[in-house]
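S.K.: Contents of upload-v7.cif (mmCIF, N, CA and C atoms) are below:
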```cif
data_final
loop_
_atom_site.label_atom_id
_atom_site.label_comp_id
_atom_site.auth_asym_id
_atom_site.auth_seq_id
_atom_site.Cartn_x
_atom_site.Cartn_y
_atom_site.Cartn_z
N MET A 1 69.13 42.11 27.76
CA MET A 1 69.86 42.53 28.94
C MET A 1 69.49 43.98 29.23
N GLY A 2 69.23 44.27 30.46
CA GLY A 2 68.97 45.63 30.88
C GLY A 2 70.24 46.33 31.30
N VAL A 3 70.24 47.65 31.19
CA VAL A 3 71.39 48.46 31.57
C VAL A 3 70.89 49.61 32.43
N VAL A 4 71.64 49.94 33.47
CA VAL A 4 71.31 51.07 34.33
C VAL A 4 72.45 52.08 34.22
N PHE A 5 72.10 53.32 33.91
CA PHE A 5 73.09 54.40 33.80
C PHE A 5 72.84 55.45 34.86
N HIS A 6 73.90 56.15 35.23
CA HIS A 6 73.80 57.30 36.13
C HIS A 6 74.79 58.34 35.60
N PRO A 7 74.44 59.61 35.64
CA PRO A 7 75.29 60.65 35.02
C PRO A 7 76.71 60.72 35.55
N THR A 8 76.93 60.39 36.82
CA THR A 8 78.29 60.47 37.36
C THR A 8 78.56 59.30 38.31
N PRO A 9 79.62 58.56 38.07
CA PRO A 9 79.97 57.46 38.97
C PRO A 9 80.54 57.94 40.30
N LEU A 10 80.73 59.25 40.44
CA LEU A 10 81.27 59.81 41.68
C LEU A 10 80.21 59.88 42.79
N GLU A 11 78.94 59.76 42.44
CA GLU A 11 77.86 59.79 43.43
C GLU A 11 77.63 58.38 43.95
N ALA A 12 78.50 57.97 44.87
CA ALA A 12 78.54 56.59 45.34
C ALA A 12 77.22 56.12 45.95
N GLU A 13 76.59 56.97 46.74
CA GLU A 13 75.32 56.56 47.35
C GLU A 13 74.27 56.28 46.29
N ALA A 14 74.23 57.10 45.25
CA ALA A 14 73.27 56.89 44.16
C ALA A 14 73.57 55.60 43.41
N ILE A 15 74.85 55.30 43.20
CA ILE A 15 75.23 54.07 42.51
C ILE A 15 74.78 52.87 43.34
N GLY A 16 75.06 52.88 44.62
CA GLY A 16 74.65 51.78 45.50
C GLY A 16 73.15 51.59 45.49
N GLU A 17 72.41 52.68 45.51
CA GLU A 17 70.95 52.60 45.51
C GLU A 17 70.44 52.03 44.19
N LEU A 18 71.03 52.43 43.07
CA LEU A 18 70.61 51.92 41.77
C LEU A 18 70.92 50.42 41.62
N VAL A 19 72.10 50.01 42.06
CA VAL A 19 72.46 48.59 42.00
C VAL A 19 71.46 47.77 42.80
N SER A 20 71.13 48.25 43.99
CA SER A 20 70.18 47.55 44.85
C SER A 20 68.77 47.54 44.26
N ARG A 21 68.29 48.69 43.83
CA ARG A 21 66.91 48.80 43.33
C ARG A 21 66.67 47.94 42.08
N TYR A 22 67.64 47.91 41.17
CA TYR A 22 67.44 47.21 39.90
C TYR A 22 68.08 45.82 39.87
N GLY A 23 68.69 45.38 40.96
CA GLY A 23 69.30 44.05 41.00
C GLY A 23 70.41 43.90 39.98
N VAL A 24 71.24 44.93 39.85
CA VAL A 24 72.34 44.92 38.88
C VAL A 24 73.27 43.75 39.19
N THR A 25 73.71 43.04 38.13
CA THR A 25 74.58 41.88 38.31
C THR A 25 76.01 42.12 37.82
N PHE A 26 76.23 43.16 37.01
CA PHE A 26 77.56 43.42 36.44
C PHE A 26 77.88 44.89 36.64
N LEU A 27 79.00 45.16 37.31
CA LEU A 27 79.42 46.54 37.57
C LEU A 27 80.79 46.75 36.94
N LEU A 28 80.88 47.75 36.10
CA LEU A 28 82.14 48.12 35.47
C LEU A 28 82.54 49.48 36.03
N ALA A 29 83.75 49.56 36.60
CA ALA A 29 84.17 50.79 37.27
C ALA A 29 85.70 50.89 37.24
N THR A 30 86.20 52.00 37.71
CA THR A 30 87.64 52.16 37.91
C THR A 30 87.95 51.87 39.37
N PRO A 31 89.20 51.56 39.69
CA PRO A 31 89.55 51.40 41.10
C PRO A 31 89.24 52.64 41.94
N THR A 32 89.39 53.82 41.38
CA THR A 32 89.06 55.05 42.10
C THR A 32 87.59 55.04 42.50
N PHE A 33 86.70 54.64 41.59
CA PHE A 33 85.27 54.59 41.90
C PHE A 33 84.97 53.48 42.92
N LEU A 34 85.65 52.33 42.79
CA LEU A 34 85.44 51.25 43.76
C LEU A 34 85.80 51.71 45.17
N GLN A 35 86.84 52.54 45.26
CA GLN A 35 87.24 53.08 46.57
C GLN A 35 86.12 53.95 47.15
N LEU A 36 85.49 54.76 46.30
CA LEU A 36 84.36 55.58 46.75
C LEU A 36 83.20 54.70 47.23
N TYR A 37 82.90 53.64 46.47
CA TYR A 37 81.79 52.75 46.83
C TYR A 37 82.09 52.01 48.13
N LEU A 38 83.34 51.68 48.33
CA LEU A 38 83.76 51.00 49.55
C LEU A 38 83.45 51.86 50.78
N ARG A 39 83.64 53.15 50.64
CA ARG A 39 83.41 54.08 51.76
C ARG A 39 81.93 54.43 51.96
N ALA A 40 81.18 54.52 50.86
CA ALA A 40 79.84 55.10 50.95
C ALA A 40 78.68 54.11 50.82
N CYS A 41 78.94 52.91 50.32
CA CYS A 41 77.85 51.96 50.09
C CYS A 41 77.80 50.91 51.18
N GLU A 42 76.60 50.38 51.38
CA GLU A 42 76.39 49.31 52.35
C GLU A 42 76.52 47.96 51.66
N PRO A 43 76.90 46.92 52.40
CA PRO A 43 77.02 45.60 51.79
C PRO A 43 75.76 45.15 51.05
N ASP A 44 74.59 45.45 51.60
CA ASP A 44 73.34 45.06 50.93
C ASP A 44 73.14 45.75 49.59
N ASP A 45 73.73 46.93 49.42
CA ASP A 45 73.59 47.65 48.15
C ASP A 45 74.12 46.82 46.98
N PHE A 46 75.18 46.06 47.22
CA PHE A 46 75.84 45.32 46.15
C PHE A 46 75.57 43.82 46.24
N GLY A 47 74.52 43.43 46.93
CA GLY A 47 74.20 42.01 47.11
C GLY A 47 73.85 41.27 45.83
N SER A 48 73.38 41.96 44.80
CA SER A 48 72.98 41.31 43.55
C SER A 48 74.14 41.11 42.58
N LEU A 49 75.27 41.75 42.84
CA LEU A 49 76.37 41.72 41.88
C LEU A 49 76.95 40.32 41.72
N GLN A 50 77.16 39.92 40.47
CA GLN A 50 77.80 38.65 40.13
C GLN A 50 79.22 38.88 39.61
N PHE A 51 79.42 40.02 38.94
CA PHE A 51 80.72 40.38 38.37
C PHE A 51 81.01 41.85 38.65
N VAL A 52 82.22 42.13 39.06
CA VAL A 52 82.71 43.50 39.19
C VAL A 52 84.04 43.53 38.43
N VAL A 53 84.13 44.40 37.43
CA VAL A 53 85.35 44.53 36.64
C VAL A 53 85.87 45.95 36.81
N ALA A 54 87.15 46.04 37.18
CA ALA A 54 87.80 47.34 37.34
C ALA A 54 88.80 47.52 36.21
N GLY A 55 88.77 48.68 35.58
CA GLY A 55 89.70 48.97 34.49
C GLY A 55 90.16 50.41 34.54
N ALA A 56 90.95 50.79 33.55
CA ALA A 56 91.45 52.15 33.34
C ALA A 56 92.64 52.51 34.21
N GLU A 57 92.88 51.75 35.27
CA GLU A 57 94.04 51.97 36.13
C GLU A 57 94.30 50.67 36.88
N LYS A 58 95.48 50.55 37.44
CA LYS A 58 95.86 49.35 38.20
C LYS A 58 94.94 49.16 39.39
N LEU A 59 94.50 47.92 39.59
CA LEU A 59 93.67 47.58 40.75
C LEU A 59 94.59 47.14 41.89
N PRO A 60 94.76 47.98 42.91
CA PRO A 60 95.63 47.59 44.02
C PRO A 60 95.08 46.37 44.75
N GLU A 61 95.96 45.47 45.13
CA GLU A 61 95.55 44.26 45.84
C GLU A 61 94.79 44.60 47.11
N ARG A 62 95.25 45.61 47.85
CA ARG A 62 94.58 45.98 49.10
C ARG A 62 93.14 46.42 48.85
N LEU A 63 92.88 47.08 47.73
CA LEU A 63 91.52 47.51 47.39
C LEU A 63 90.66 46.31 47.01
N ALA A 64 91.22 45.40 46.21
CA ALA A 64 90.47 44.19 45.82
C ALA A 64 90.07 43.38 47.05
N VAL A 65 90.99 43.24 47.99
CA VAL A 65 90.72 42.48 49.21
C VAL A 65 89.67 43.20 50.06
N ALA A 66 89.82 44.50 50.24
CA ALA A 66 88.87 45.28 51.05
C ALA A 66 87.47 45.23 50.44
N PHE A 67 87.38 45.34 49.10
CA PHE A 67 86.09 45.29 48.42
C PHE A 67 85.44 43.92 48.63
N GLU A 68 86.24 42.87 48.49
CA GLU A 68 85.72 41.51 48.67
C GLU A 68 85.26 41.30 50.12
N GLU A 69 86.02 41.79 51.08
CA GLU A 69 85.65 41.62 52.48
C GLU A 69 84.34 42.34 52.81
N ARG A 70 84.16 43.53 52.24
CA ARG A 70 82.96 44.32 52.54
C ARG A 70 81.73 43.83 51.77
N PHE A 71 81.90 43.51 50.49
CA PHE A 71 80.75 43.22 49.64
C PHE A 71 80.61 41.74 49.25
N GLY A 72 81.61 40.93 49.58
CA GLY A 72 81.52 39.51 49.29
C GLY A 72 81.79 39.14 47.85
N ILE A 73 82.36 40.05 47.08
CA ILE A 73 82.69 39.77 45.68
C ILE A 73 84.01 40.44 45.36
N ARG A 74 84.90 39.66 44.74
CA ARG A 74 86.22 40.20 44.40
C ARG A 74 86.18 40.80 43.00
N PRO A 75 86.62 42.05 42.86
CA PRO A 75 86.67 42.66 41.53
C PRO A 75 87.71 41.97 40.65
N PHE A 76 87.38 41.78 39.39
CA PHE A 76 88.34 41.31 38.40
C PHE A 76 89.00 42.53 37.79
N GLU A 77 90.27 42.37 37.44
CA GLU A 77 90.99 43.48 36.82
C GLU A 77 90.98 43.33 35.31
N GLY A 78 90.58 44.39 34.63
CA GLY A 78 90.66 44.44 33.17
C GLY A 78 91.84 45.29 32.77
N TYR A 79 92.34 45.06 31.56
CA TYR A 79 93.47 45.84 31.07
C TYR A 79 93.17 46.32 29.67
N GLY A 80 93.39 47.58 29.41
CA GLY A 80 93.20 48.11 28.07
C GLY A 80 94.20 49.22 27.81
N CYS A 81 94.69 49.27 26.60
CA CYS A 81 95.56 50.37 26.19
C CYS A 81 94.64 51.52 25.78
N THR A 82 94.82 52.66 26.34
CA THR A 82 93.96 53.81 26.05
C THR A 82 93.81 54.03 24.55
N GLU A 83 94.89 53.80 23.82
CA GLU A 83 94.87 54.03 22.38
C GLU A 83 94.10 52.95 21.62
N CYS A 84 93.83 51.81 22.27
CA CYS A 84 93.23 50.67 21.57
C CYS A 84 91.76 50.45 21.92
N ALA A 85 91.46 50.31 23.18
CA ALA A 85 90.11 49.95 23.61
C ALA A 85 90.03 50.08 25.13
N PRO A 86 88.82 50.15 25.67
CA PRO A 86 88.71 50.19 27.13
C PRO A 86 89.27 48.94 27.79
N ALA A 87 89.16 47.81 27.10
CA ALA A 87 89.73 46.57 27.64
C ALA A 87 90.14 45.67 26.48
N VAL A 88 91.31 45.09 26.60
CA VAL A 88 91.75 44.09 25.63
C VAL A 88 91.93 42.75 26.33
N ALA A 89 92.05 42.77 27.65
CA ALA A 89 92.19 41.55 28.43
C ALA A 89 91.49 41.75 29.77
N VAL A 90 90.99 40.66 30.33
CA VAL A 90 90.28 40.76 31.60
C VAL A 90 90.41 39.44 32.35
N ASN A 91 90.48 39.52 33.65
CA ASN A 91 90.42 38.33 34.48
C ASN A 91 88.96 37.88 34.56
N THR A 92 88.74 36.59 34.73
CA THR A 92 87.39 36.04 34.79
C THR A 92 87.31 35.02 35.92
N LYS A 93 86.14 34.46 36.11
CA LYS A 93 85.99 33.37 37.06
C LYS A 93 86.66 32.13 36.48
N ASP A 94 87.16 31.28 37.36
CA ASP A 94 87.72 30.01 36.92
C ASP A 94 86.61 29.16 36.31
N PHE A 95 86.97 28.34 35.32
CA PHE A 95 86.03 27.39 34.73
C PHE A 95 86.30 26.03 35.33
N ARG A 96 85.25 25.39 35.80
CA ARG A 96 85.38 24.05 36.38
C ARG A 96 84.32 23.15 35.82
N SER A 97 84.74 21.96 35.46
CA SER A 97 83.85 20.91 34.99
C SER A 97 84.49 19.59 35.41
N THR A 98 83.82 18.49 35.21
CA THR A 98 84.37 17.21 35.60
C THR A 98 85.75 17.00 34.98
N GLY A 99 86.76 16.91 35.81
CA GLY A 99 88.12 16.66 35.35
C GLY A 99 88.81 17.83 34.69
N ILE A 100 88.17 19.02 34.66
CA ILE A 100 88.75 20.18 33.99
C ILE A 100 88.73 21.38 34.94
N ARG A 101 89.83 22.09 34.98
CA ARG A 101 89.87 23.37 35.69
C ARG A 101 90.72 24.32 34.88
N GLN A 102 90.13 25.40 34.42
CA GLN A 102 90.86 26.43 33.69
C GLN A 102 90.90 27.67 34.57
N VAL A 103 92.11 28.13 34.86
CA VAL A 103 92.28 29.31 35.71
C VAL A 103 91.86 30.55 34.92
N GLY A 104 90.95 31.33 35.49
CA GLY A 104 90.48 32.53 34.83
C GLY A 104 91.16 33.79 35.32
N ALA A 105 91.70 33.73 36.54
CA ALA A 105 92.31 34.93 37.13
C ALA A 105 93.52 34.55 37.96
N LYS A 106 94.57 35.32 37.80
CA LYS A 106 95.75 35.20 38.64
C LYS A 106 96.02 36.59 39.20
N ARG A 107 96.17 36.69 40.51
CA ARG A 107 96.39 37.99 41.14
C ARG A 107 97.63 38.65 40.58
N GLY A 108 97.48 39.93 40.24
CA GLY A 108 98.60 40.70 39.71
C GLY A 108 98.79 40.55 38.21
N LYS A 109 97.93 39.78 37.53
CA LYS A 109 98.03 39.57 36.08
C LYS A 109 96.86 40.27 35.40
N ILE A 110 97.00 40.53 34.09
CA ILE A 110 95.95 41.28 33.37
C ILE A 110 94.84 40.40 32.82
N GLY A 111 95.00 39.09 32.86
CA GLY A 111 93.93 38.20 32.43
C GLY A 111 94.11 37.71 31.01
N HIS A 112 93.02 37.20 30.47
CA HIS A 112 93.00 36.62 29.13
C HIS A 112 92.55 37.65 28.10
N PRO A 113 93.07 37.57 26.88
CA PRO A 113 92.55 38.46 25.83
C PRO A 113 91.06 38.21 25.61
N LEU A 114 90.33 39.26 25.32
CA LEU A 114 88.91 39.12 25.00
C LEU A 114 88.74 38.37 23.68
N PRO A 115 87.60 37.69 23.50
CA PRO A 115 87.38 37.00 22.22
C PRO A 115 87.52 37.97 21.04
N GLY A 116 88.23 37.52 20.01
CA GLY A 116 88.43 38.34 18.82
C GLY A 116 89.62 39.27 18.90
N VAL A 117 90.33 39.27 20.03
CA VAL A 117 91.48 40.15 20.21
C VAL A 117 92.75 39.31 20.13
N SER A 118 93.69 39.75 19.33
CA SER A 118 95.01 39.10 19.27
C SER A 118 96.00 39.94 20.04
N VAL A 119 96.85 39.27 20.79
CA VAL A 119 97.85 39.95 21.60
C VAL A 119 99.22 39.41 21.20
N ARG A 120 100.15 40.30 20.96
CA ARG A 120 101.51 39.89 20.62
C ARG A 120 102.47 40.67 21.51
N ILE A 121 103.41 39.96 22.09
CA ILE A 121 104.42 40.59 22.93
C ILE A 121 105.64 40.83 22.06
N VAL A 122 106.09 42.09 22.02
CA VAL A 122 107.22 42.45 21.17
C VAL A 122 108.29 43.17 21.97
N ASP A 123 109.49 43.15 21.43
CA ASP A 123 110.58 43.93 21.98
C ASP A 123 110.28 45.40 21.70
N PRO A 124 110.25 46.28 22.69
CA PRO A 124 109.86 47.67 22.46
C PRO A 124 110.79 48.43 21.52
N ALA A 125 112.05 48.04 21.45
CA ALA A 125 113.00 48.74 20.58
C ALA A 125 112.87 48.30 19.12
N SER A 126 112.77 46.99 18.91
CA SER A 126 112.76 46.48 17.52
C SER A 126 111.37 46.16 17.00
N LEU A 127 110.39 46.06 17.89
CA LEU A 127 109.03 45.63 17.56
C LEU A 127 108.97 44.21 17.01
N GLN A 128 110.02 43.45 17.22
CA GLN A 128 110.06 42.04 16.81
C GLN A 128 109.44 41.20 17.93
N PRO A 129 108.73 40.13 17.55
CA PRO A 129 108.15 39.25 18.58
C PRO A 129 109.21 38.77 19.57
N SER A 130 108.85 38.81 20.84
CA SER A 130 109.80 38.40 21.88
C SER A 130 109.27 37.19 22.62
N GLY A 131 108.95 36.15 21.90
CA GLY A 131 108.45 34.93 22.54
C GLY A 131 107.24 34.42 21.81
N SER A 132 106.24 34.07 22.58
CA SER A 132 105.06 33.45 21.99
C SER A 132 103.99 34.48 21.67
N THR A 133 103.08 34.10 20.82
CA THR A 133 101.92 34.92 20.49
C THR A 133 100.71 34.27 21.10
N ASN A 134 99.87 35.03 21.75
CA ASN A 134 98.67 34.51 22.36
C ASN A 134 97.47 35.03 21.58
N ARG A 135 96.71 34.15 21.01
CA ARG A 135 95.53 34.56 20.25
C ARG A 135 94.29 34.04 20.93
N ALA A 136 93.33 34.91 21.10
CA ALA A 136 92.03 34.51 21.61
C ALA A 136 91.12 34.24 20.43
N SER A 137 90.29 33.25 20.55
CA SER A 137 89.41 32.94 19.43
C SER A 137 87.97 33.23 19.80
N CYS A 138 87.18 33.59 18.82
CA CYS A 138 85.75 33.76 19.01
C CYS A 138 85.11 32.41 18.81
N SER A 139 84.28 32.00 19.72
CA SER A 139 83.56 30.74 19.53
C SER A 139 82.14 30.87 19.99
#
```
Turn the structure described in the file into structure tokens.

M.R.:
Amino acid sequence: MGVVFHPTPLEAEAIGELVSRYGVTFLLATPTFLQLYLRACEPDDFGSLQFVVAGAEKLPERLAVAFEERFGIRPFEGYGCTECAPAVAVNTKDFRSTGIRQVGAKRGKIGHPLPGVSVRIVDPASLQPSGSTNRASCS
């Protein structure tokens, strides 16, 4: 897999040009950066993108919709605790096969735990489990 880096994600025109020139398929950014790209990049700049994941802050619905309308791809929202990792859960594309449909993304939700990550919901005062435990498995 190839990777394209740029010293600052704030240079939106440069990011758009790099995505276009190298046919980038996966873009990882913050909602703040996506807002910059929305203003400064052309739809053709992001024509090669297959996945856009936004993390580090809440992805506003209005931004996700505007990004999808302009570039034809809806950003998935990732969630990570700063103290733990950049992402512990992420929304994905739905999985579809004959007779099977697994929902990968629900608007306003943080998504599924990444493979190898265990997530436990606890009462903040007692730290005791407050319901079910969701474990993601590596396969």

S.K.: Can you tell me, as a count of residues only, which residues in chain A count as helix (DSSP H, G or I) by DSSP?

M.R.: 36

S.K.: So which residues are close to (85.2, 58.1, 39.1), meaning at most 8 Å away in the file's coordinates with only C-alpha atoms counted, and can you show them as a list of chain:residue names?

M.R.: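 The requested residues, written out, are A:Thr8, A:Pro9, A:Leu10, A:Ala29, A:Thr30, A:Thr32, A:Phe33.
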
S.K.: Store the residues picked out above, limited to N, CA and C atoms, as a CSV table (one decimal), in the frame of the given file.

M.R.:
```
chain,number,residue,atom,x,y,z
A,8,THR,N,76.9,60.4,36.8
A,8,THR,CA,78.3,60.5,37.4
A,8,THR,C,78.6,59.3,38.3
A,9,PRO,N,79.6,58.6,38.1
A,9,PRO,CA,80.0,57.5,39.0
A,9,PRO,C,80.5,57.9,40.3
A,10,LEU,N,80.7,59.2,40.4
A,10,LEU,CA,81.3,59.8,41.7
A,10,LEU,C,80.2,59.9,42.8
A,29,ALA,N,83.8,49.6,36.6
A,29,ALA,CA,84.2,50.8,37.3
A,29,ALA,C,85.7,50.9,37.2
A,30,THR,N,86.2,52.0,37.7
A,30,THR,CA,87.6,52.2,37.9
A,30,THR,C,88.0,51.9,39.4
A,32,THR,N,89.4,53.8,41.4
A,32,THR,CA,89.1,55.0,42.1
A,32,THR,C,87.6,55.0,42.5
A,33,PHE,N,86.7,54.6,41.6
A,33,PHE,CA,85.3,54.6,41.9
A,33,PHE,C,85.0,53.5,42.9
```

S.K.: Using atom CA of Leu59 of chain A and atom CA of Ser97 of chain A as the two end points, give the distance in Å to one decimal.

M.R.: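 Between atom CA of Leu59 of chain A and atom CA of Ser97 of chain A the gap is 29.0 Å.
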
S.K.: Run DSSP on the backbone of this structure and report the residues of segment 83-127 of chain A it assigns to strand (DSSP E or B), as a ChimeraX atom specification.

M.R.: /A:89-90,95-97,100-102,112-113,118-122

S.K.: Compare A:Gly16, A:Pro60, A:Gly99, A:Pro75 by their minimum atom-to-atom distance to Phe46 of chain A, counting only N, CA and C atoms, and give me the closest one.

M.R.: A:Gly16

S.K.: Could you write out as a ChimeraX atom specification the residues that the PyMOL selection byres (((chain A and resi 4 and name CA) around 10) and name CA) matches in the shown file?

M.R.: /A:2-3,5-6,15,18-19,22-24,27

S.K.: Restricting the output to N, CA and C atoms, write the selected residues as a compact mmCIF listing (two decimals), in the coordinates of the input.

M.R.:
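again.txt was written with the following content:
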```
# COMPACT_ATOMS: atom_id res chain seq x y z
N GLY A 2 69.23 44.27 30.46
CA GLY A 2 68.97 45.63 30.88
C GLY A 2 70.24 46.33 31.30
N VAL A 3 70.24 47.65 31.19
CA VAL A 3 71.39 48.46 31.57
C VAL A 3 70.89 49.61 32.43
N PHE A 5 72.10 53.32 33.91
CA PHE A 5 73.09 54.40 33.80
C PHE A 5 72.84 55.45 34.86
N HIS A 6 73.90 56.15 35.23
CA HIS A 6 73.80 57.30 36.13
C HIS A 6 74.79 58.34 35.60
N ILE A 15 74.85 55.30 43.20
CA ILE A 15 75.23 54.07 42.51
C ILE A 15 74.78 52.87 43.34
N LEU A 18 71.03 52.43 43.07
CA LEU A 18 70.61 51.92 41.77
C LEU A 18 70.92 50.42 41.62
N VAL A 19 72.10 50.01 42.06
CA VAL A 19 72.46 48.59 42.00
C VAL A 19 71.46 47.77 42.80
N TYR A 22 67.64 47.91 41.17
CA TYR A 22 67.44 47.21 39.90
C TYR A 22 68.08 45.82 39.87
N GLY A 23 68.69 45.38 40.96
CA GLY A 23 69.30 44.05 41.00
C GLY A 23 70.41 43.90 39.98
N VAL A 24 71.24 44.93 39.85
CA VAL A 24 72.34 44.92 38.88
C VAL A 24 73.27 43.75 39.19
N LEU A 27 79.00 45.16 37.31
CA LEU A 27 79.42 46.54 37.57
C LEU A 27 80.79 46.75 36.94
```

S.K.: Could you please determine the separation between atom CA of Pro31 of chain A and atom CA of Glu57 of chain A in Å, to one decimal place?

M.R.: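 These atoms are spaced 6.7 Å apart.
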
S.K.: Give me, please, the distance in Å between atom CA of Gly104 of chain A and atom CA of Phe76 of chain A, quoted to one decimal.

M.R.: 9.7 Å

S.K.: Go through A:Ala64, A:Leu36, A:Val103, A:Leu28 one by one, measure the shortest atom-to-atom distance of each to Gly78 of chain A using only C-alpha atoms, and give the residue with the smallest value.

M.R.: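 Of A:Ala64, A:Leu36, A:Val103, A:Leu28, the one nearest Gly78 of chain A, counting only C-alpha atoms, is A:Leu28.
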
S.K.: So, counting only C-alpha atoms, which residue among A:Val122, A:Ala14, A:Ile110, A:Cys81 is closest to Cys41 of chain A?

M.R.: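 Comparing A:Val122, A:Ala14, A:Ile110, A:Cys81 against Cys41 of chain A, the winner is A:Ala14.
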
S.K.: Between A:Leu34, A:Phe51, A:Asp45, A:Val117, which one has atoms that come closest to Glu17 of chain A, using all atoms listed in the file?

M.R.: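 For Glu17 of chain A, the nearest of the given residues is A:Asp45.
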